[in-house]
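What follows is the content of entry25.tsv, which has TSV, C-alpha atoms:
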```tsv
chain	number	residue	atom	x	y	z
A	23	MET	CA	0.00	0.00	0.00
A	24	ALA	CA	1.47	3.34	-1.03
A	25	GLU	CA	1.86	6.18	1.43
A	26	VAL	CA	0.60	9.62	0.46
A	27	SER	CA	1.96	12.66	2.28
A	28	THR	CA	1.43	16.35	1.69
A	29	TRP	CA	4.00	19.04	2.37
A	30	THR	CA	4.25	22.78	1.85
A	31	VAL	CA	7.15	24.36	0.02
A	32	THR	CA	7.77	28.10	-0.16
A	33	GLY	CA	9.67	30.13	-2.72
A	34	MET	CA	8.51	28.50	-5.94
A	35	THR	CA	7.56	31.11	-8.55
A	36	CYS	CA	7.30	29.33	-11.88
A	37	GLY	CA	7.21	26.04	-13.71
A	38	HIS	CA	10.98	25.73	-13.57
A	39	CYS	CA	10.79	25.83	-9.78
A	40	VAL	CA	8.10	23.14	-9.81
A	41	ALA	CA	10.27	20.99	-12.08
A	42	SER	CA	13.29	21.37	-9.77
A	43	VAL	CA	11.35	20.39	-6.66
A	44	THR	CA	9.69	17.49	-8.47
A	45	GLU	CA	13.04	16.22	-9.71
A	46	GLU	CA	14.75	16.33	-6.33
A	47	LEU	CA	11.84	14.72	-4.48
A	48	SER	CA	11.60	12.00	-7.13
A	49	GLU	CA	15.16	10.99	-6.31
A	50	ILE	CA	14.28	10.02	-2.73
A	51	PRO	CA	14.31	6.21	-2.54
A	52	GLY	CA	10.79	4.79	-2.60
A	53	VAL	CA	9.12	7.86	-4.07
A	54	GLU	CA	6.64	6.89	-6.76
A	55	SER	CA	5.06	10.18	-7.72
A	56	VAL	CA	5.25	13.87	-6.91
A	57	ASP	CA	2.52	16.43	-7.52
A	58	VAL	CA	3.23	20.12	-6.99
A	59	VAL	CA	0.68	22.94	-6.97
A	60	LEU	CA	2.63	26.12	-7.69
A	61	ASP	CA	0.15	28.66	-6.32
A	62	SER	CA	-0.28	27.08	-2.91
A	63	GLY	CA	3.10	25.38	-2.62
A	64	ALA	CA	1.34	22.12	-1.80
A	65	VAL	CA	3.45	19.10	-2.63
A	66	THR	CA	1.89	15.65	-2.55
A	67	VAL	CA	4.25	12.71	-2.56
A	68	THR	CA	3.33	9.07	-3.03
A	69	SER	CA	5.92	6.63	-1.74
A	70	ALA	CA	6.33	2.94	-1.08
A	71	THR	CA	7.15	3.59	2.56
A	72	PRO	CA	6.53	6.57	4.88
A	73	LEU	CA	8.88	9.47	4.18
A	74	GLN	CA	11.16	10.98	6.80
A	75	ARG	CA	10.71	14.73	7.11
A	76	ALA	CA	14.49	15.17	7.05
A	77	ALA	CA	14.72	13.50	3.64
A	78	VAL	CA	11.99	15.70	2.21
A	79	GLU	CA	13.55	18.81	3.73
A	80	GLU	CA	16.95	17.95	2.26
A	81	ALA	CA	15.52	17.35	-1.22
A	82	VAL	CA	13.57	20.61	-1.15
A	83	ALA	CA	16.63	22.49	0.04
A	84	GLU	CA	18.71	20.87	-2.70
A	85	ALA	CA	16.26	22.30	-5.24
A	86	GLY	CA	16.74	25.69	-3.60
A	87	TYR	CA	13.47	26.05	-1.69
A	88	THR	CA	12.19	25.78	1.85
A	89	LEU	CA	9.99	23.17	3.49
A	90	VAL	CA	7.46	24.72	5.87
B	1459	MET	CA	34.02	46.42	-32.14
B	1460	ALA	CA	31.27	44.64	-30.23
B	1461	GLU	CA	27.69	45.86	-30.29
B	1462	VAL	CA	25.83	46.27	-27.03
B	1463	SER	CA	22.03	46.33	-27.05
B	1464	THR	CA	19.53	46.38	-24.21
B	1465	TRP	CA	16.09	44.79	-24.32
B	1466	THR	CA	13.24	44.27	-21.89
B	1467	VAL	CA	11.77	40.85	-21.22
B	1468	THR	CA	8.60	40.27	-19.20
B	1469	GLY	CA	7.48	37.19	-17.31
B	1470	MET	CA	10.73	36.11	-15.66
B	1471	THR	CA	10.20	35.24	-12.00
B	1472	CYS	CA	13.28	33.37	-10.83
B	1473	GLY	CA	16.83	32.36	-11.56
B	1474	HIS	CA	15.66	29.46	-13.71
B	1475	CYS	CA	13.84	31.92	-15.95
B	1476	VAL	CA	16.99	34.02	-16.20
B	1477	ALA	CA	18.99	30.92	-17.13
B	1478	SER	CA	16.49	29.97	-19.85
B	1479	VAL	CA	16.54	33.42	-21.43
B	1480	THR	CA	20.32	33.61	-21.20
B	1481	GLU	CA	20.69	30.20	-22.82
B	1482	GLU	CA	18.40	30.95	-25.75
B	1483	LEU	CA	19.90	34.37	-26.44
B	1484	SER	CA	23.41	32.93	-26.26
B	1485	GLU	CA	22.53	30.63	-29.15
B	1486	ILE	CA	21.96	33.54	-31.55
B	1487	PRO	CA	24.93	33.62	-33.95
B	1488	GLY	CA	27.39	36.36	-33.01
B	1489	VAL	CA	26.22	36.77	-29.42
B	1490	GLU	CA	29.17	37.05	-27.07
B	1491	SER	CA	27.56	37.69	-23.72
B	1492	VAL	CA	24.14	38.06	-22.13
B	1493	ASP	CA	23.38	39.84	-18.88
B	1494	VAL	CA	19.91	39.60	-17.35
B	1495	VAL	CA	18.57	41.62	-14.44
B	1496	LEU	CA	15.64	39.65	-13.05
B	1497	ASP	CA	13.88	42.45	-11.19
B	1498	SER	CA	13.69	44.90	-14.07
B	1499	GLY	CA	13.67	42.41	-16.94
B	1500	ALA	CA	16.56	44.31	-18.52
B	1501	VAL	CA	18.61	42.13	-20.84
B	1502	THR	CA	21.91	43.40	-22.17
B	1503	VAL	CA	23.41	41.53	-25.08
B	1504	THR	CA	26.89	41.96	-26.49
B	1505	SER	CA	27.30	40.71	-30.03
B	1506	ALA	CA	29.81	40.78	-32.85
B	1507	THR	CA	27.28	42.40	-35.20
B	1508	PRO	CA	24.03	44.32	-34.56
B	1509	LEU	CA	21.14	42.05	-33.57
B	1510	GLN	CA	17.88	41.86	-35.46
B	1511	ARG	CA	14.90	42.43	-33.20
B	1512	ALA	CA	13.17	39.42	-34.78
B	1513	ALA	CA	16.02	37.13	-33.73
B	1514	VAL	CA	15.92	38.38	-30.15
B	1515	GLU	CA	12.13	38.12	-30.05
B	1516	GLU	CA	12.26	34.54	-31.30
B	1517	ALA	CA	14.89	33.50	-28.76
B	1518	VAL	CA	12.98	35.08	-25.89
B	1519	ALA	CA	9.76	33.40	-27.05
B	1520	GLU	CA	11.59	30.07	-27.30
B	1521	ALA	CA	12.53	30.45	-23.64
B	1522	GLY	CA	8.86	31.08	-22.87
B	1523	TYR	CA	8.88	34.84	-22.27
B	1524	THR	CA	7.92	38.03	-24.04
B	1525	LEU	CA	10.06	40.76	-25.53
B	1526	VAL	CA	8.64	44.23	-24.88
```

Just dump the structure as structure tokens.
Amino acid sequence: MAEVSTWTVTGMTCGHCVASVTEELSEIPGVESVDVVLDSGAVTVTSATPLQRAAVEEAVAEAGYTLV
Amino acid sequence: MAEVSTWTVTGMTCGHCVASVTEELSEIPGVESVDVVLDSGAVTVTSATPLQRAAVEEAVAEAGYTLV
């Protein structure tokens, strides 16, 4: 059964930002899909196992943004 | 003697946008350097020969933005 978690990311302003965040989050082991809503900063991640907040925070930071 | 021209581009919101515009403009034959100021949308291009507005407009559009 896949796990679905929702996070909020600040600082994204355009589709390039969305692509960067999506790419970094997709590289976390076990992540199956990433859905980003630019306007709200809502990021929904589906993963095989529950995600650690630290892993999500690191990926978001790697993309250049901030996890709320 | 290099030619320096300044243009205005609208729609850029972040460093990724700046990178896209810089990349596309740099591909115009004769272009030697591109300097983009995100806040104002000012784009300064140095080129070996004078640039045609149509070429600049096409490159900016290719990046996904609009030349004023």

Notebook entry, point to check: Near chain B, which residues of chain A fall within 10 Å when you count all atoms listed in the file, and what do they look like as JSON, numbers by chain?
Noted result: {"A": [33, 34, 35, 36, 37, 38, 39, 42]}

Could you turn the residues from that selection into a file that holds C-alpha atoms, as an mmCIF file, keeping the file's coordinate frame?
```cif
data_model
loop_
_atom_site.group_PDB
_atom_site.id
_atom_site.type_symbol
_atom_site.label_atom_id
_atom_site.label_comp_id
_atom_site.auth_asym_id
_atom_site.auth_seq_id
_atom_site.Cartn_x
_atom_site.Cartn_y
_atom_site.Cartn_z
ATOM 1 C CA GLY A 33 9.670 30.130 -2.720
ATOM 2 C CA MET A 34 8.510 28.500 -5.940
ATOM 3 C CA THR A 35 7.560 31.110 -8.550
ATOM 4 C CA CYS A 36 7.300 29.330 -11.880
ATOM 5 C CA GLY A 37 7.210 26.040 -13.710
ATOM 6 C CA HIS A 38 10.980 25.730 -13.570
ATOM 7 C CA CYS A 39 10.790 25.830 -9.780
ATOM 8 C CA SER A 42 13.290 21.370 -9.770
#
```

Note to self: Give me, as an NGL selection string, all polymer residues having an atom no more than 10 Å from region 1462-1467 of chain B, counting all atoms listed in the file and skipping those fewer than 4 positions away in the same chain.
What the structure shows: :B and (1476 or 1479 or 1489-1496 or 1498-1509 or 1511 or 1514-1515 or 1518-1519 or 1523-1526)

Margin query: With all atoms listed in the file as the counted atoms, please give the residues lying no more than 7 Å from Ala81 (chain A), apart from itself and same-chain residues fewer than 4 positions off, as a ChimeraX atom specification.
Written below: /A:46-47,77,85

Write a file of the just-selected residues containing C-alpha atoms, as a PDB file, in the frame of the given file.
```pdb
ATOM      1  CA  GLU A  46      14.750  16.330  -6.330  1.00  0.00           C
ATOM      2  CA  LEU A  47      11.840  14.720  -4.480  1.00  0.00           C
ATOM      3  CA  ALA A  77      14.720  13.500   3.640  1.00  0.00           C
ATOM      4  CA  ALA A  85      16.260  22.300  -5.240  1.00  0.00           C
TER       5      ALA A  85
END
```

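When all atoms listed in the file are used to compute distances to Ala76 (chain A), the closest of the residues A:Glu45, A:Glu25, A:Thr32, A:Ile50 turns out to be A:Ile50.
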
Reconstruct N, CA and C atoms of region 1463-1496 of chain B; output as a PDB file, keeping the file's coordinate frame.
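Output contents, as saved in result04.pdb:
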```pdb
ATOM      1  N   SER B1463      23.434  45.907 -26.951  1.00  0.00           N
ATOM      2  CA  SER B1463      22.030  46.330 -27.050  1.00  0.00           C
ATOM      3  C   SER B1463      21.300  45.906 -25.779  1.00  0.00           C
ATOM      4  N   THR B1464      20.303  46.699 -25.412  1.00  0.00           N
ATOM      5  CA  THR B1464      19.530  46.380 -24.210  1.00  0.00           C
ATOM      6  C   THR B1464      18.065  46.205 -24.573  1.00  0.00           C
ATOM      7  N   TRP B1465      17.472  45.171 -24.010  1.00  0.00           N
ATOM      8  CA  TRP B1465      16.090  44.790 -24.320  1.00  0.00           C
ATOM      9  C   TRP B1465      15.352  44.597 -23.008  1.00  0.00           C
ATOM     10  N   THR B1466      14.030  44.551 -23.091  1.00  0.00           N
ATOM     11  CA  THR B1466      13.240  44.270 -21.890  1.00  0.00           C
ATOM     12  C   THR B1466      12.408  43.024 -22.117  1.00  0.00           C
ATOM     13  N   VAL B1467      12.495  42.125 -21.142  1.00  0.00           N
ATOM     14  CA  VAL B1467      11.770  40.850 -21.220  1.00  0.00           C
ATOM     15  C   VAL B1467      10.814  40.768 -20.029  1.00  0.00           C
ATOM     16  N   THR B1468       9.570  40.416 -20.295  1.00  0.00           N
ATOM     17  CA  THR B1468       8.600  40.270 -19.200  1.00  0.00           C
ATOM     18  C   THR B1468       8.317  38.798 -18.911  1.00  0.00           C
ATOM     19  N   GLY B1469       7.922  38.537 -17.680  1.00  0.00           N
ATOM     20  CA  GLY B1469       7.480  37.190 -17.310  1.00  0.00           C
ATOM     21  C   GLY B1469       8.494  36.379 -16.526  1.00  0.00           C
ATOM     22  N   MET B1470       9.721  36.873 -16.412  1.00  0.00           N
ATOM     23  CA  MET B1470      10.730  36.110 -15.660  1.00  0.00           C
ATOM     24  C   MET B1470      10.477  36.281 -14.156  1.00  0.00           C
ATOM     25  N   THR B1471      10.492  35.170 -13.429  1.00  0.00           N
ATOM     26  CA  THR B1471      10.200  35.240 -12.000  1.00  0.00           C
ATOM     27  C   THR B1471      11.299  34.699 -11.108  1.00  0.00           C
ATOM     28  N   CYS B1472      12.255  33.991 -11.696  1.00  0.00           N
ATOM     29  CA  CYS B1472      13.280  33.370 -10.830  1.00  0.00           C
ATOM     30  C   CYS B1472      14.558  33.118 -11.614  1.00  0.00           C
ATOM     31  N   GLY B1473      15.541  32.613 -10.938  1.00  0.00           N
ATOM     32  CA  GLY B1473      16.830  32.360 -11.560  1.00  0.00           C
ATOM     33  C   GLY B1473      16.773  31.347 -12.695  1.00  0.00           C
ATOM     34  N   HIS B1474      15.801  30.418 -12.610  1.00  0.00           N
ATOM     35  CA  HIS B1474      15.660  29.460 -13.710  1.00  0.00           C
ATOM     36  C   HIS B1474      15.206  30.173 -14.980  1.00  0.00           C
ATOM     37  N   CYS B1475      14.316  31.143 -14.802  1.00  0.00           N
ATOM     38  CA  CYS B1475      13.840  31.920 -15.950  1.00  0.00           C
ATOM     39  C   CYS B1475      15.009  32.686 -16.579  1.00  0.00           C
ATOM     40  N   VAL B1476      15.822  33.289 -15.729  1.00  0.00           N
ATOM     41  CA  VAL B1476      16.990  34.020 -16.200  1.00  0.00           C
ATOM     42  C   VAL B1476      17.912  33.087 -16.992  1.00  0.00           C
ATOM     43  N   ALA B1477      18.112  31.892 -16.464  1.00  0.00           N
ATOM     44  CA  ALA B1477      18.990  30.920 -17.130  1.00  0.00           C
ATOM     45  C   ALA B1477      18.431  30.523 -18.491  1.00  0.00           C
ATOM     46  N   SER B1478      17.108  30.356 -18.580  1.00  0.00           N
ATOM     47  CA  SER B1478      16.490  29.970 -19.850  1.00  0.00           C
ATOM     48  C   SER B1478      16.653  31.058 -20.898  1.00  0.00           C
ATOM     49  N   VAL B1479      16.406  32.291 -20.500  1.00  0.00           N
ATOM     50  CA  VAL B1479      16.540  33.420 -21.430  1.00  0.00           C
ATOM     51  C   VAL B1479      17.998  33.578 -21.861  1.00  0.00           C
ATOM     52  N   THR B1480      18.889  33.483 -20.894  1.00  0.00           N
ATOM     53  CA  THR B1480      20.320  33.610 -21.200  1.00  0.00           C
ATOM     54  C   THR B1480      20.762  32.537 -22.191  1.00  0.00           C
ATOM     55  N   GLU B1481      20.307  31.317 -21.956  1.00  0.00           N
ATOM     56  CA  GLU B1481      20.690  30.200 -22.820  1.00  0.00           C
ATOM     57  C   GLU B1481      20.204  30.411 -24.255  1.00  0.00           C
ATOM     58  N   GLU B1482      18.943  30.782 -24.393  1.00  0.00           N
ATOM     59  CA  GLU B1482      18.400  30.950 -25.750  1.00  0.00           C
ATOM     60  C   GLU B1482      19.059  32.118 -26.482  1.00  0.00           C
ATOM     61  N   LEU B1483      19.265  33.222 -25.782  1.00  0.00           N
ATOM     62  CA  LEU B1483      19.900  34.370 -26.440  1.00  0.00           C
ATOM     63  C   LEU B1483      21.347  34.069 -26.816  1.00  0.00           C
ATOM     64  N   SER B1484      22.004  33.263 -25.996  1.00  0.00           N
ATOM     65  CA  SER B1484      23.410  32.930 -26.260  1.00  0.00           C
ATOM     66  C   SER B1484      23.568  32.097 -27.527  1.00  0.00           C
ATOM     67  N   GLU B1485      22.473  31.476 -27.950  1.00  0.00           N
ATOM     68  CA  GLU B1485      22.530  30.630 -29.150  1.00  0.00           C
ATOM     69  C   GLU B1485      22.380  31.427 -30.447  1.00  0.00           C
ATOM     70  N   ILE B1486      22.043  32.714 -30.334  1.00  0.00           N
ATOM     71  CA  ILE B1486      21.960  33.540 -31.550  1.00  0.00           C
ATOM     72  C   ILE B1486      23.385  33.724 -32.095  1.00  0.00           C
ATOM     73  N   PRO B1487      23.591  33.473 -33.373  1.00  0.00           N
ATOM     74  CA  PRO B1487      24.930  33.620 -33.950  1.00  0.00           C
ATOM     75  C   PRO B1487      25.498  35.025 -33.699  1.00  0.00           C
ATOM     76  N   GLY B1488      26.729  35.077 -33.239  1.00  0.00           N
ATOM     77  CA  GLY B1488      27.390  36.360 -33.010  1.00  0.00           C
ATOM     78  C   GLY B1488      27.291  36.876 -31.596  1.00  0.00           C
ATOM     79  N   VAL B1489      26.382  36.282 -30.792  1.00  0.00           N
ATOM     80  CA  VAL B1489      26.220  36.770 -29.420  1.00  0.00           C
ATOM     81  C   VAL B1489      27.412  36.344 -28.572  1.00  0.00           C
ATOM     82  N   GLU B1490      27.973  37.312 -27.876  1.00  0.00           N
ATOM     83  CA  GLU B1490      29.170  37.050 -27.070  1.00  0.00           C
ATOM     84  C   GLU B1490      28.874  36.976 -25.583  1.00  0.00           C
ATOM     85  N   SER B1491      27.920  37.791 -25.138  1.00  0.00           N
ATOM     86  CA  SER B1491      27.560  37.690 -23.720  1.00  0.00           C
ATOM     87  C   SER B1491      26.132  38.202 -23.521  1.00  0.00           C
ATOM     88  N   VAL B1492      25.517  37.700 -22.466  1.00  0.00           N
ATOM     89  CA  VAL B1492      24.140  38.060 -22.130  1.00  0.00           C
ATOM     90  C   VAL B1492      24.093  38.351 -20.641  1.00  0.00           C
ATOM     91  N   ASP B1493      23.511  39.501 -20.291  1.00  0.00           N
ATOM     92  CA  ASP B1493      23.380  39.840 -18.880  1.00  0.00           C
ATOM     93  C   ASP B1493      21.915  40.158 -18.596  1.00  0.00           C
ATOM     94  N   VAL B1494      21.327  39.427 -17.654  1.00  0.00           N
ATOM     95  CA  VAL B1494      19.910  39.600 -17.350  1.00  0.00           C
ATOM     96  C   VAL B1494      19.737  40.101 -15.924  1.00  0.00           C
ATOM     97  N   VAL B1495      18.931  41.147 -15.774  1.00  0.00           N
ATOM     98  CA  VAL B1495      18.570  41.620 -14.440  1.00  0.00           C
ATOM     99  C   VAL B1495      17.126  41.189 -14.192  1.00  0.00           C
ATOM    100  N   LEU B1496      16.962  40.235 -13.276  1.00  0.00           N
ATOM    101  CA  LEU B1496      15.640  39.650 -13.050  1.00  0.00           C
ATOM    102  C   LEU B1496      14.588  40.683 -12.680  1.00  0.00           C
TER     103      LEU B1496
END
```
